[in-house]
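Written out below as structure tokens is the structure these notes cover.
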Amino acid sequence: MTIKVGIAGIGFMGWIHWLAYKQVEGIEVVAVAEQDATRRTGDWRTIKGNFGPPGEQVDLSGIAVYADYIDMLDDPNIDMVDICLPPAAHVTTAVAAANKGKHVFCEKPIALNVPDAEAMVAACQANNRLIAVGHVLPFFPEYQWALGHIRSGEFGQLLGGSFKRVISDPNWLPDFYNLERVGGPLLDLHIHDAHLIRLLFGLPTQVTSRGRLREGTVAYAQSLFDFEDLNLVVSSTMGVINQQGRPFTHGFEIHLERATIHFEFAAFEDGGETMPVKLVASDGTIRRPLASEGDPIEGFVAEIEEVKKAVLTGHPSPILGGDLARDAIKICAAEAMAVATRKAISV
């Protein structure tokens with residue numbers, strides 16, 4: 001069986017997903033929906049992002065092209081809708097797709113608030129359709145390598161970790177701090193680490209955060225998370241700095257009983273600097289993965305493979321499932337409240 005996909009929205013993420021689908025057998029794009037008339041002709045050369053190749057002229061022959069995603073949802077040739085629209089449009093698109101009998105693959109964040117996320121999950125459950133959310137971080141090589149060692153149990157139980165994700169001010173995105181359209185750094189940036197924290201440690205019981213606001217939105221914050229397991233020590237740093245010379249940095253230090261796993265990457269205007277992922281064991285040895293070419297599309301290819309597996313087996317992905325994505329929104333909402341009130345907030 002080949003899973004047939006319709007992509008709603010041909011922007012940067014729609015382009016990246018398009019490239020990833022090309023590398024996965026058993027799943028293919030058969031339709032696209034895009035408001036921009038030029039892009040409906042296959043001219044995607046204006047698409048640019050902060051990684052991967054720029055857009056190209058693509059051949060859309062044999063692909064159904066729609067100006068409105070609502071019309072695409074009526075296409076009987078489509079099994080799954082891949083939602084690459086702005087976050088504010090996720091809930092209406094996902095619910096409509098599920099009601100039309102389509103599986104849903106939605107870019108992160110699943111939604112801008114918890115009720116919308118719950119509505120998306122509920123609509124898919126009610127229609128016996130799967131929902132997967134594009135939290136690609138666990139499929140990036142460094143994170144995938146770390147997860148493999150954590151899940152092996154070789155180094156004992158998780159004790160906690162610290163997670164970092166900081167960018168320079170994204171001046172190219174005017175709605176970045178708009179809570180009704182994009183959601184600000186918490187939902188556009190930190191959501192990756194919120195999801196990873198949920199995946200590794202479960203749902204926190206409460207969170208304490210301190211941060212700075214911009215336009216009423218959390219712009220920068222440090223958070224400490226509490227769990228039922230009192231031995232877990234988990235923290236995060238996220239947000240925006242106003243120094244444009246360092247556009248991006250992310251990383252982690254994860255503690256196990258008998259090992260620490262560390263990674264950090266920072267992009268600067270004059271180049272990138274990396275502390276490669278490594279595992280430092282209690283016996284003094286250091287493990288490092290074999291070097292790879294680092295194709296930026298590689299993680300998205302693995303993500304699409306995971307989505308395909310979920311649809312074919314009928315079982316929600318343990319990584320990309322809607323429940324985890326919804327819980328990541330809960331974590332971010334609690335952090336926002338903690339910053340505003342300067343109190344510990346239950347998740």
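Ordering of the structure tokens sets the chain letters (A, B, ...), residue numbers begin anew at 1 in every chain, and ligands are numbered from 1 in the order given.
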
Shell of 10 Å around Phe265 in chain A, only C-alpha atoms, local chain residues under 3 positions omitted, as a PyMOL selection string
chain A and resi 164-165+248-252+268+272-277

Residues of range 124-315 of chain A classed as strand (DSSP E or B) by DSSP on the backbone are to be reported as a PyMOL selection string.
chain A and resi 131-134+158-168+206-214+217-226+233-241+248-256+259-268+271-281+286-287

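Taking only C-alpha atoms into account, Asp71 in chain A lies nearest to A:Ala31 out of the set A:Ala328, A:Val166, A:Leu187, A:Ala31.
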
Distance table requested - range 99-146 of chain A against range 190-199 of chain A, cut-off 9 Å, only C-alpha atoms: one row per qualifying residue with the closest atom pair and its distance in Å to one decimal, ordered by chain and rising residue number, as a Markdown table.
```
| residue | atom | partner | partner_atom | distance |
| --- | --- | --- | --- | --- |
| A:Lys108 | CA | A:Ile191 | CA | 7.9 |
| A:Pro109 | CA | A:Ile191 | CA | 6.8 |
| A:His135 | CA | A:His192 | CA | 6.5 |
| A:Val136 | CA | A:His192 | CA | 8.1 |
| A:Leu137 | CA | A:His192 | CA | 6.5 |
| A:Pro138 | CA | A:Leu196 | CA | 7.3 |
```

Output file for the residues above (C-alpha atoms, as a PDB file, in the first residue's frame):
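As a result, result-v2.pdb now contains:
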```
ATOM      1  CA  LYS A 108       4.605  21.698  15.255  1.00  0.00           C
ATOM      2  CA  PRO A 109       3.225  23.260  17.329  1.00  0.00           C
ATOM      3  CA  HIS A 135       8.270  17.180  16.424  1.00  0.00           C
ATOM      4  CA  VAL A 136      11.323  16.240  14.388  1.00  0.00           C
ATOM      5  CA  LEU A 137      13.952  16.879  17.087  1.00  0.00           C
ATOM      6  CA  PRO A 138      14.165  13.236  18.308  1.00  0.00           C
TER       7      PRO A 138
END
```

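Between Gly49 in chain A and the residues A:Gly14, A:Gly314, A:Gly211, A:Gly9, the shortest atom-to-atom distance, using only C-alpha atoms, involves A:Gly14.
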
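You will find CA of Gly202 in chain A at 19.7 Å from CA of Trp145 in chain A.
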
Option closest in space to Phe51 in chain A, from A:Val5, A:Ile27, A:Ile131, A:Ile297 [counting only C-alpha atoms]:
A:Ile297

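The nearest approach to Gly183 in chain A among the residues A:Ile304, A:Ala333, A:Ala259, A:Ile10, with only C-alpha atoms taken into account, belongs to A:Ala333.
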
Among the residues A:Val301, A:Leu279, A:Cys124, A:Val104, the one that comes closest to Leu19 in chain A [using only C-alpha atoms]:
A:Val301

Set the distance at 6 Å and use only C-alpha atoms: which residues neighbour Val234 in chain A once local chain neighbours fewer than 3 positions away are removed? I'd like the list as a PyMOL selection string.
chain A and resi 160-162+225
